[in-house]
file model25.pdb (PDB, C-alpha atoms)
ATOM      1  CA  MET A   1    -101.578 -97.309 -44.182
ATOM      2  CA  ALA A   2    -103.575 -97.203 -40.947
ATOM      3  CA  SER A   3    -103.849 -93.760 -39.445
ATOM      4  CA  SER A   4    -104.327 -94.814 -35.842
ATOM      5  CA  GLY A   5    -103.856 -97.909 -33.749
ATOM      6  CA  LEU A   6    -107.359 -97.605 -32.406
ATOM      7  CA  ALA A   7    -109.081 -96.679 -35.625
ATOM      8  CA  GLU A   8    -112.071 -98.817 -36.490
ATOM      9  CA  THR A   9    -111.188-101.007 -39.405
ATOM     10  CA  ALA A  10    -113.711-100.836 -42.193
ATOM     11  CA  SER A  11    -113.048-104.461 -43.087
ATOM     12  CA  SER A  12    -113.874-105.968 -39.702
ATOM     13  CA  GLY A  13    -115.843-103.335 -37.779
ATOM     14  CA  MET A  14    -113.402-103.860 -34.895
ATOM     15  CA  SER A  15    -110.785-101.609 -33.432
ATOM     16  CA  PHE A  16    -107.192-102.624 -34.064
ATOM     17  CA  GLU A  17    -106.836-103.541 -30.410
ATOM     18  CA  GLU A  18    -109.833-105.871 -30.638
ATOM     19  CA  LEU A  19    -108.298-107.441 -33.725
ATOM     20  CA  VAL A  20    -105.080-108.108 -31.807
ATOM     21  CA  GLU A  21    -106.961-109.636 -28.897
ATOM     22  CA  ARG A  22    -109.050-111.808 -31.172
ATOM     23  CA  HIS A  23    -106.172-113.190 -33.219
ATOM     24  CA  GLN A  24    -103.217-113.101 -30.828
ATOM     25  CA  ALA A  25    -103.565-116.769 -29.798
ATOM     26  CA  MET A  26    -103.623-117.907 -33.427
ATOM     27  CA  VAL A  27    -100.606-115.819 -34.453
ATOM     28  CA  PHE A  28     -98.580-116.555 -31.320
ATOM     29  CA  SER A  29     -99.291-120.303 -31.429
ATOM     30  CA  LEU A  30     -98.392-120.617 -35.117
ATOM     31  CA  ALA A  31     -95.030-119.018 -34.382
ATOM     32  CA  TYR A  32     -94.561-120.934 -31.124
ATOM     33  CA  HIS A  33     -95.340-124.374 -32.552
ATOM     34  CA  PHE A  34     -93.027-123.668 -35.455
ATOM     35  CA  LEU A  35     -90.125-122.114 -33.523
ATOM     36  CA  HIS A  36     -90.581-123.919 -30.192
ATOM     37  CA  ASP A  37     -89.364-120.786 -28.383
ATOM     38  CA  ARG A  38     -91.830-118.602 -26.466
ATOM     39  CA  PRO A  39     -89.914-115.268 -26.391
ATOM     40  CA  LEU A  40     -89.035-115.573 -30.065
ATOM     41  CA  ALA A  41     -92.638-116.492 -30.929
ATOM     42  CA  GLU A  42     -93.870-113.402 -29.063
ATOM     43  CA  GLU A  43     -91.413-111.228 -30.981
ATOM     44  CA  VAL A  44     -92.598-112.679 -34.287
ATOM     45  CA  ALA A  45     -96.251-112.246 -33.266
ATOM     46  CA  GLN A  46     -95.652-108.591 -32.357
ATOM     47  CA  ASP A  47     -93.908-107.989 -35.699
ATOM     48  CA  VAL A  48     -96.846-109.566 -37.527
ATOM     49  CA  PHE A  49     -99.368-107.263 -35.812
ATOM     50  CA  LEU A  50     -97.163-104.255 -36.451
ATOM     51  CA  GLU A  51     -97.198-105.158 -40.116
ATOM     52  CA  LEU A  52    -100.960-105.683 -39.999
ATOM     53  CA  HIS A  53    -101.344-102.186 -38.543
ATOM     54  CA  PHE A  54     -99.369-100.841 -41.481
ATOM     55  CA  HIS A  55    -101.436-102.763 -44.059
ATOM     56  CA  LEU A  56    -104.830-102.448 -42.379
ATOM     57  CA  GLY A  57    -106.214-100.293 -45.174
ATOM     58  CA  GLU A  58    -105.613-103.084 -47.688
ATOM     59  CA  MET A  59    -107.786-105.650 -45.858
ATOM     60  CA  ASP A  60    -111.224-106.097 -47.309
ATOM     61  CA  SER A  61    -112.868-108.696 -45.026
ATOM     62  CA  PRO A  62    -112.349-110.515 -41.700
ATOM     63  CA  ALA A  63    -111.471-113.680 -43.675
ATOM     64  CA  HIS A  64    -108.845-111.719 -45.586
ATOM     65  CA  ILE A  65    -107.332-110.566 -42.273
ATOM     66  CA  VAL A  66    -107.149-114.162 -40.954
ATOM     67  CA  PHE A  67    -105.624-115.427 -44.224
ATOM     68  CA  TRP A  68    -103.122-112.569 -44.246
ATOM     69  CA  LEU A  69    -102.183-113.108 -40.595
ATOM     70  CA  ARG A  70    -101.570-116.832 -41.104
ATOM     71  CA  LYS A  71     -99.516-116.252 -44.244
ATOM     72  CA  VAL A  72     -97.360-113.499 -42.775
ATOM     73  CA  THR A  73     -96.841-115.430 -39.512
ATOM     74  CA  VAL A  74     -95.717-118.519 -41.424
ATOM     75  CA  ASN A  75     -93.316-116.506 -43.594
ATOM     76  CA  ARG A  76     -91.916-114.567 -40.647
ATOM     77  CA  SER A  77     -91.450-117.746 -38.601
ATOM     78  CA  ILE A  78     -89.616-119.440 -41.470
ATOM     79  CA  ASP A  79     -87.389-116.366 -41.936
ATOM     80  CA  GLU A  80     -86.671-116.213 -38.211
ATOM     81  CA  ALA A  81     -85.838-119.927 -38.035
ATOM     82  CA  ARG A  82     -83.498-119.633 -41.028
ATOM     83  CA  ARG A  83     -81.882-116.504 -39.627
ATOM     84  CA  ARG A  84     -81.120-118.236 -36.369
ATOM     85  CA  HIS A  85     -80.488-121.665 -37.911
ATOM     86  CA  ARG A  86     -82.947-122.880 -35.367
ATOM     87  CA  ARG A  87     -84.225-126.393 -35.721
ATOM     88  CA  ALA A  88     -84.998-128.226 -32.557
ATOM     89  CA  GLU A  89     -83.016-131.437 -32.673
ATOM     90  CA  VAL A  90     -84.917-132.832 -29.783
ATOM     91  CA  GLY A  91     -85.286-136.503 -29.035
ATOM     92  CA  ILE A  92     -88.115-138.126 -27.156
ATOM     93  CA  GLU A  93     -85.933-138.516 -24.082
ATOM     94  CA  ALA A  94     -85.517-134.724 -23.910
ATOM     95  CA  ALA A  95     -89.098-134.415 -22.749
ATOM     96  CA  GLY A  96     -88.145-136.030 -19.445
ATOM     97  CA  GLU A  97     -89.903-138.868 -17.715
ATOM     98  CA  PRO A  98     -93.701-139.037 -17.553
ATOM     99  CA  ALA A  99     -95.457-138.973 -14.187
ATOM    100  CA  SER A 100     -97.542-141.823 -15.592
ATOM    101  CA  PRO A 101     -97.752-143.402 -19.056
ATOM    102  CA  ALA A 102    -101.030-141.590 -19.604
ATOM    103  CA  ASP A 103     -99.738-138.207 -18.426
ATOM    104  CA  ALA A 104    -101.486-135.967 -20.991
ATOM    105  CA  GLU A 105     -99.246-132.963 -20.391
ATOM    106  CA  TRP A 106     -96.110-135.055 -20.911
ATOM    107  CA  ILE A 107     -97.524-136.566 -24.123
ATOM    108  CA  ASN A 108     -98.412-133.099 -25.446
ATOM    109  CA  LEU A 109     -94.966-131.741 -24.642
ATOM    110  CA  ARG A 110     -93.335-134.753 -26.281
ATOM    111  CA  LEU A 111     -95.444-134.341 -29.419
ATOM    112  CA  ARG A 112     -94.694-130.603 -29.612
ATOM    113  CA  ARG A 113     -90.978-131.363 -29.384
ATOM    114  CA  LEU A 114     -91.286-133.981 -32.100
ATOM    115  CA  VAL A 115     -93.107-131.506 -34.338
ATOM    116  CA  ALA A 116     -90.359-128.959 -33.671
ATOM    117  CA  SER A 117     -87.785-131.490 -34.890
ATOM    118  CA  LEU A 118     -89.493-131.972 -38.287
ATOM    119  CA  PRO A 119     -88.071-130.443 -41.467
ATOM    120  CA  GLU A 120     -89.311-126.896 -42.092
ATOM    121  CA  ARG A 121     -91.972-127.593 -44.756
ATOM    122  CA  GLN A 122     -93.411-130.636 -42.974
ATOM    123  CA  ARG A 123     -93.471-128.752 -39.688
ATOM    124  CA  ILE A 124     -95.450-125.820 -41.075
ATOM    125  CA  VAL A 125     -97.907-128.111 -42.856
ATOM    126  CA  ILE A 126     -98.479-130.101 -39.653
ATOM    127  CA  VAL A 127     -98.986-126.942 -37.580
ATOM    128  CA  LEU A 128    -101.464-125.490 -40.069
ATOM    129  CA  ARG A 129    -103.327-128.798 -40.307
ATOM    130  CA  TYR A 130    -103.565-129.659 -36.607
ATOM    131  CA  GLN A 131    -103.388-126.285 -34.868
ATOM    132  CA  GLU A 132    -105.552-124.377 -37.309
ATOM    133  CA  GLY A 133    -107.548-127.322 -38.611
ATOM    134  CA  LEU A 134    -106.993-126.270 -42.228
ATOM    135  CA  GLU A 135    -107.777-128.575 -45.134
ATOM    136  CA  PRO A 136    -104.949-129.416 -47.572
ATOM    137  CA  VAL A 137    -106.490-127.120 -50.191
ATOM    138  CA  GLU A 138    -106.422-124.183 -47.745
ATOM    139  CA  ILE A 139    -102.834-124.946 -46.732
ATOM    140  CA  ALA A 140    -101.881-125.095 -50.409
ATOM    141  CA  ALA A 141    -103.400-121.654 -51.020
ATOM    142  CA  LEU A 142    -101.617-120.221 -47.997
ATOM    143  CA  LEU A 143     -98.199-121.642 -48.852
ATOM    144  CA  GLU A 144     -98.664-121.190 -52.613
ATOM    145  CA  ILE A 145     -97.878-124.832 -53.369
ATOM    146  CA  SER A 146     -99.939-127.605 -54.949
ATOM    147  CA  VAL A 147    -102.498-129.602 -52.975
ATOM    148  CA  ASN A 148    -100.634-132.808 -53.845
ATOM    149  CA  THR A 149     -97.436-131.409 -52.351
ATOM    150  CA  VAL A 150     -99.318-130.549 -49.157
ATOM    151  CA  LYS A 151    -100.793-134.049 -48.974
ATOM    152  CA  SER A 152     -97.429-135.734 -49.492
ATOM    153  CA  GLN A 153     -95.737-133.440 -46.943
ATOM    154  CA  LEU A 154     -98.494-134.244 -44.453
ATOM    155  CA  GLN A 155     -98.158-137.953 -45.067
ATOM    156  CA  ARG A 156     -94.365-137.906 -44.729
ATOM    157  CA  ALA A 157     -94.548-135.803 -41.580
ATOM    158  CA  LEU A 158     -97.070-138.138 -39.993
ATOM    159  CA  ILE A 159     -94.953-141.199 -40.829
ATOM    160  CA  LEU A 160     -91.902-139.510 -39.309
ATOM    161  CA  LEU A 161     -93.821-138.444 -36.211
ATOM    162  CA  ARG A 162     -95.296-141.901 -35.698
ATOM    163  CA  GLU A 163     -91.853-143.463 -36.108
ATOM    164  CA  LYS A 164     -90.287-141.095 -33.588
ATOM    165  CA  ALA A 165     -93.163-141.472 -31.173
ATOM    166  CA  GLY A 166     -93.109-145.240 -31.595
ATOM    167  CA  VAL A 167     -96.706-145.383 -32.729
ATOM    168  CA  GLU A 168     -97.891-147.779 -35.401
ATOM    169  CA  LYS A 169    -100.782-146.818 -37.602
ATOM    170  CA  LYS A 170    -103.670-149.199 -37.373
ATOM    171  CA  ALA A 171    -104.915-150.360 -40.742
TER     172      ALA A 171
ATOM    173  CA  MET B   1    -111.059-135.800 -43.354
ATOM    174  CA  THR B   2    -111.356-138.181 -40.411
ATOM    175  CA  MET B   3    -108.579-138.334 -37.868
ATOM    176  CA  ASP B   4    -107.082-141.391 -36.187
ATOM    177  CA  PRO B   5    -106.225-141.324 -32.433
ATOM    178  CA  PHE B   6    -102.635-140.224 -33.114
ATOM    179  CA  GLU B   7    -103.842-137.266 -35.175
ATOM    180  CA  GLU B   8    -106.386-136.395 -32.471
ATOM    181  CA  GLN B   9    -103.529-136.398 -29.971
ATOM    182  CA  LEU B  10    -101.506-134.170 -32.282
ATOM    183  CA  LYS B  11    -104.424-131.776 -32.573
ATOM    184  CA  GLN B  12    -104.657-131.589 -28.808
ATOM    185  CA  ALA B  13    -100.885-131.056 -28.407
ATOM    186  CA  LEU B  14    -100.884-128.262 -30.981
ATOM    187  CA  GLY B  15    -103.818-126.391 -29.511
ATOM    188  CA  ARG B  16    -103.758-122.601 -29.549
ATOM    189  CA  GLU B  17    -102.038-120.912 -26.621
ATOM    190  CA  GLN B  18    -102.259-117.343 -25.409
ATOM    191  CA  PRO B  19     -99.113-115.201 -25.308
ATOM    192  CA  ARG B  20     -98.034-113.566 -22.034
ATOM    193  CA  ALA B  21    -100.631-111.250 -20.473
ATOM    194  CA  GLY B  22    -100.546-107.697 -21.834
ATOM    195  CA  PHE B  23     -99.632-108.719 -25.377
ATOM    196  CA  ALA B  24    -102.010-106.198 -27.008
ATOM    197  CA  GLY B  25    -100.527-103.434 -24.833
ATOM    198  CA  ARG B  26     -97.003-104.333 -25.909
ATOM    199  CA  VAL B  27     -98.057-104.259 -29.563
ATOM    200  CA  ARG B  28     -99.720-100.865 -29.006
ATOM    201  CA  ALA B  29     -96.530 -99.526 -27.380
ATOM    202  CA  ARG B  30     -94.421-100.645 -30.329
ATOM    203  CA  ILE B  31     -96.878 -99.031 -32.742
ATOM    204  CA  ALA B  32     -96.693 -95.776 -30.759
ATOM    205  CA  VAL B  33     -92.885 -95.775 -30.967
ATOM    206  CA  GLY B  34     -93.106 -96.449 -34.709
ATOM    207  CA  GLU B  35     -95.608 -93.605 -35.172
ATOM    208  CA  ASP B  36     -93.352 -91.157 -33.297
ATOM    209  CA  ARG B  37     -90.453 -92.083 -35.548
ATOM    210  CA  THR B  38     -92.646 -91.781 -38.625
ATOM    211  CA  ARG B  39     -93.865 -88.363 -37.467
ATOM    212  CA  LEU B  40     -90.259 -87.177 -36.966
ATOM    213  CA  ARG B  41     -89.299 -88.547 -40.368
ATOM    214  CA  GLY B  42     -92.339 -86.725 -41.775
ATOM    215  CA  TRP B  43     -91.169 -83.415 -40.310
ATOM    216  CA  LEU B  44     -87.655 -83.943 -41.596
ATOM    217  CA  SER B  45     -88.997 -84.584 -45.073
ATOM    218  CA  ILE B  46     -90.106 -80.904 -45.355
ATOM    219  CA  PRO B  47     -87.271 -79.238 -47.411
ATOM    220  CA  GLN B  48     -87.627 -75.763 -45.835
ATOM    221  CA  LEU B  49     -87.392 -77.280 -42.342
ATOM    222  CA  ARG B  50     -84.322 -79.228 -43.370
ATOM    223  CA  TRP B  51     -82.707 -75.985 -44.628
ATOM    224  CA  VAL B  52     -83.574 -74.125 -41.429
ATOM    225  CA  LEU B  53     -82.175 -76.955 -39.298
ATOM    226  CA  GLY B  54     -79.021 -77.049 -41.441
ATOM    227  CA  ILE B  55     -78.512 -73.276 -41.140
ATOM    228  CA  LEU B  56     -79.139 -73.398 -37.367
ATOM    229  CA  LEU B  57     -76.598 -76.181 -37.067
ATOM    230  CA  CYS B  58     -74.001 -74.174 -39.042
ATOM    231  CA  VAL B  59     -74.648 -71.019 -36.986
ATOM    232  CA  GLY B  60     -74.353 -73.026 -33.788
ATOM    233  CA  MET B  61     -71.065 -74.555 -34.912
ATOM    234  CA  LEU B  62     -69.666 -71.125 -35.927
ATOM    235  CA  ALA B  63     -70.736 -69.655 -32.573
ATOM    236  CA  ALA B  64     -69.061 -72.509 -30.712
ATOM    237  CA  VAL B  65     -65.834 -72.135 -32.730
ATOM    238  CA  SER B  66     -65.739 -68.364 -32.260
ATOM    239  CA  TYR B  67     -66.469 -68.690 -28.524
ATOM    240  CA  ARG B  68     -63.613 -71.180 -28.173
ATOM    241  CA  HIS B  69     -61.301 -68.922 -30.220
ATOM    242  CA  GLY B  70     -62.238 -65.930 -28.010
ATOM    243  CA  LYS B  71     -61.456 -67.933 -24.879
ATOM    244  CA  VAL B  72     -58.017 -68.923 -26.188
ATOM    245  CA  GLU B  73     -57.220 -65.304 -27.157
ATOM    246  CA  HIS B  74     -58.360 -64.060 -23.740
ATOM    247  CA  ALA B  75     -56.111 -66.594 -22.006
ATOM    248  CA  ARG B  76     -53.142 -65.504 -24.145
ATOM    249  CA  GLY B  77     -53.814 -61.795 -23.352
ATOM    250  CA  GLU B  78     -54.024 -62.604 -19.654
ATOM    251  CA  GLU B  79     -50.694 -64.446 -19.821
ATOM    252  CA  ALA B  80     -49.038 -61.495 -21.634
ATOM    253  CA  ARG B  81     -50.379 -59.049 -19.023
ATOM    254  CA  GLN B  82     -48.964 -61.171 -16.209
ATOM    255  CA  GLN B  83     -45.574 -61.174 -17.970
ATOM    256  CA  VAL B  84     -45.651 -57.341 -18.280
ATOM    257  CA  TYR B  85     -46.497 -57.040 -14.550
ATOM    258  CA  VAL B  86     -43.578 -59.293 -13.635
ATOM    259  CA  ALA B  87     -41.228 -57.313 -15.903
ATOM    260  CA  LEU B  88     -42.438 -54.021 -14.400
ATOM    261  CA  ARG B  89     -41.991 -55.365 -10.868
ATOM    262  CA  LEU B  90     -38.438 -56.473 -11.695
ATOM    263  CA  ALA B  91     -37.628 -53.082 -13.284
ATOM    264  CA  GLY B  92     -39.060 -51.269 -10.231
ATOM    265  CA  ALA B  93     -36.933 -53.345  -7.873
ATOM    266  CA  LYS B  94     -33.800 -52.610  -9.920
ATOM    267  CA  MET B  95     -34.633 -48.894  -9.962
ATOM    268  CA  GLN B  96     -34.997 -48.892  -6.170
ATOM    269  CA  LEU B  97     -31.656 -50.661  -5.828
ATOM    270  CA  ALA B  98     -29.975 -48.119  -8.120
ATOM    271  CA  GLU B  99     -31.612 -45.214  -6.263
ATOM    272  CA  SER B 100     -30.416 -46.484  -2.883
ATOM    273  CA  LYS B 101     -26.833 -46.828  -4.266
ATOM    274  CA  VAL B 102     -26.921 -43.247  -5.635
ATOM    275  CA  ARG B 103     -28.153 -41.968  -2.230
ATOM    276  CA  ARG B 104     -25.369 -43.822  -0.459
ATOM    277  CA  PHE B 105     -22.708 -42.187  -2.729
ATOM    278  CA  SER B 106     -24.183 -38.698  -2.376
ATOM    279  CA  ASP B 107     -24.283 -39.022   1.437
TER     280      ASP B 107
END
call {"tool": "encode", "arguments": {"input": "model25.pdb", "output": "structure tokens"}}
result
Amino acid sequence: MASSGLAETASSGMSFEELVERHQAMVFSLAYHFLHDRPLAEEVAQDVFLELHFHLGEMDSPAHIVFWLRKVTVNRSIDEARRRHRRAEVGIEAAGEPASPADAEWINLRLRRLVASLPERQRIVIVLRYQEGLEPVEIAALLEISVNTVKSQLQRALILLREKAGVEKKA
Amino acid sequence: MTMDPFEEQLKQALGREQPRAGFAGRVRARIAVGEDRTRLRGWLSIPQLRWVLGILLCVGMLAAVSYRHGKVEHARGEEARQQVYVALRLAGAKMQLAESKVRRFSD
């Protein structure tokens, strides 16, 4: 257990506060893109860092900290979503009308809403792949599932997203 | 793994975002609250301290009960004294009445 919030962590050479500042965007965004709710995502992110503070002594490298943070954030977000039976049933029309067909902000918002409407497993795989840029093998290690399952979840999610967004994949 | 334009768009839409300003401070505050609670729990885990606190609590409760009992008794005593005064006043008045009648007969 960590003795102080500001104690230098042997594993990273950073103070706990620096660790929070360095990884807060990753943790918050994982929760936000999964839950599609900013206040709830902040709550989850805070809980994750509180837990990290408690387990700081068990971390043996910066990579271990990142892996641990991703894993705990994913698990906490799934728990939170199940607890609140939250699954954004949002259609494309819910994103409002675009200022112009090429309005980047509107397209991003629409895509985020579509991701939020995916089934739980597909949603988390998509977020880890496109937010964090993880390879299927890394996602598999994080979620403790097989690489083939990750690949098929990714494929299904992309098909669903393309269908909902009305995009056809070019051969 | 190469990405097609749709996946590139997805990557852009799911970019990392910062939480509200002051996030690290809010985490620190929650840790401080947790540490205070842990410290208190730590103190309460000392058996001798738990005994002392238990005894102090018992003594305090006994003192409160006895104080309340004393107050009730005092109020009862006060009420009885008032009744005696009233009785004495009535007896005095009757005595005066009797005395005045006796004087009238003797005159």
call {"tool": "interface_residues", "arguments": {"input": "model25.pdb", "of": "chain A", "to": "chain B", "cutoff": "9 Å", "atoms": "all atoms listed in the file", "output": "MDAnalysis selection string"}}
result
chainID A and resid 4:6 17:18 20:21 24:30 32:33 38 41:42 45:47 49:50 53 104:105 107:112 126:127 129:133 135 158 162 167 169:170
call {"tool": "write_last_selection", "arguments": {"input": "model25.pdb", "atoms": "C-alpha atoms", "output": "PDB file, keeping the file's coordinate frame"}}
result
ATOM      1  CA  SER A   4    -104.327 -94.814 -35.842  1.00  0.00           C
ATOM      2  CA  GLY A   5    -103.856 -97.909 -33.749  1.00  0.00           C
ATOM      3  CA  LEU A   6    -107.359 -97.605 -32.406  1.00  0.00           C
ATOM      4  CA  GLU A  17    -106.836-103.541 -30.410  1.00  0.00           C
ATOM      5  CA  GLU A  18    -109.833-105.871 -30.638  1.00  0.00           C
ATOM      6  CA  VAL A  20    -105.080-108.108 -31.807  1.00  0.00           C
ATOM      7  CA  GLU A  21    -106.961-109.636 -28.897  1.00  0.00           C
ATOM      8  CA  GLN A  24    -103.217-113.101 -30.828  1.00  0.00           C
ATOM      9  CA  ALA A  25    -103.565-116.769 -29.798  1.00  0.00           C
ATOM     10  CA  MET A  26    -103.623-117.907 -33.427  1.00  0.00           C
ATOM     11  CA  VAL A  27    -100.606-115.819 -34.453  1.00  0.00           C
ATOM     12  CA  PHE A  28     -98.580-116.555 -31.320  1.00  0.00           C
ATOM     13  CA  SER A  29     -99.291-120.303 -31.429  1.00  0.00           C
ATOM     14  CA  LEU A  30     -98.392-120.617 -35.117  1.00  0.00           C
ATOM     15  CA  TYR A  32     -94.561-120.934 -31.124  1.00  0.00           C
ATOM     16  CA  HIS A  33     -95.340-124.374 -32.552  1.00  0.00           C
ATOM     17  CA  ARG A  38     -91.830-118.602 -26.466  1.00  0.00           C
ATOM     18  CA  ALA A  41     -92.638-116.492 -30.929  1.00  0.00           C
ATOM     19  CA  GLU A  42     -93.870-113.402 -29.063  1.00  0.00           C
ATOM     20  CA  ALA A  45     -96.251-112.246 -33.266  1.00  0.00           C
ATOM     21  CA  GLN A  46     -95.652-108.591 -32.357  1.00  0.00           C
ATOM     22  CA  ASP A  47     -93.908-107.989 -35.699  1.00  0.00           C
ATOM     23  CA  PHE A  49     -99.368-107.263 -35.812  1.00  0.00           C
ATOM     24  CA  LEU A  50     -97.163-104.255 -36.451  1.00  0.00           C
ATOM     25  CA  HIS A  53    -101.344-102.186 -38.543  1.00  0.00           C
ATOM     26  CA  ALA A 104    -101.486-135.967 -20.991  1.00  0.00           C
ATOM     27  CA  GLU A 105     -99.246-132.963 -20.391  1.00  0.00           C
ATOM     28  CA  ILE A 107     -97.524-136.566 -24.123  1.00  0.00           C
ATOM     29  CA  ASN A 108     -98.412-133.099 -25.446  1.00  0.00           C
ATOM     30  CA  LEU A 109     -94.966-131.741 -24.642  1.00  0.00           C
ATOM     31  CA  ARG A 110     -93.335-134.753 -26.281  1.00  0.00           C
ATOM     32  CA  LEU A 111     -95.444-134.341 -29.419  1.00  0.00           C
ATOM     33  CA  ARG A 112     -94.694-130.603 -29.612  1.00  0.00           C
ATOM     34  CA  ILE A 126     -98.479-130.101 -39.653  1.00  0.00           C
ATOM     35  CA  VAL A 127     -98.986-126.942 -37.580  1.00  0.00           C
ATOM     36  CA  ARG A 129    -103.327-128.798 -40.307  1.00  0.00           C
ATOM     37  CA  TYR A 130    -103.565-129.659 -36.607  1.00  0.00           C
ATOM     38  CA  GLN A 131    -103.388-126.285 -34.868  1.00  0.00           C
ATOM     39  CA  GLU A 132    -105.552-124.377 -37.309  1.00  0.00           C
ATOM     40  CA  GLY A 133    -107.548-127.322 -38.611  1.00  0.00           C
ATOM     41  CA  GLU A 135    -107.777-128.575 -45.134  1.00  0.00           C
ATOM     42  CA  LEU A 158     -97.070-138.138 -39.993  1.00  0.00           C
ATOM     43  CA  ARG A 162     -95.296-141.901 -35.698  1.00  0.00           C
ATOM     44  CA  VAL A 167     -96.706-145.383 -32.729  1.00  0.00           C
ATOM     45  CA  LYS A 169    -100.782-146.818 -37.602  1.00  0.00           C
ATOM     46  CA  LYS A 170    -103.670-149.199 -37.373  1.00  0.00           C
TER      47      LYS A 170
END
call {"tool": "atom_distance", "arguments": {"input": "model25.pdb", "atom1": "atom CA of His36 of chain A", "atom2": "atom CA of Ala116 of chain A"}}
result
6.1 Å
call {"tool": "residues_around", "arguments": {"input": "model25.pdb", "residues": "Ala157 of chain A", "least_positions_apart": "3", "cutoff": "8 Å", "atoms": "all atoms listed in the file", "output": "list in words"}}
result
Leu118, Gln122, Arg123, Ile126, Gln153, Leu154, Leu160 and Leu161 of chain A
call {"tool": "resolve_selection", "arguments": {"input": "model25.pdb", "expression": "the PyMOL selection byres ((chain A and resi 69-78) around 7)", "output": "VMD selection string"}}
result
chain A and resid 27 30 to 31 34 to 35 44 48 65 to 68 79 to 82 142
call {"tool": "atom_distance", "arguments": {"input": "model25.pdb", "atom1": "atom CA of Tyr67 of chain B", "atom2": "atom CA of Gly54 of chain B"}}
result
19.9 Å
call {"tool": "atom_distance", "arguments": {"input": "model25.pdb", "atom1": "atom CA of Phe105 of chain B", "atom2": "atom CA of Ala87 of chain B"}}
result
27.3 Å
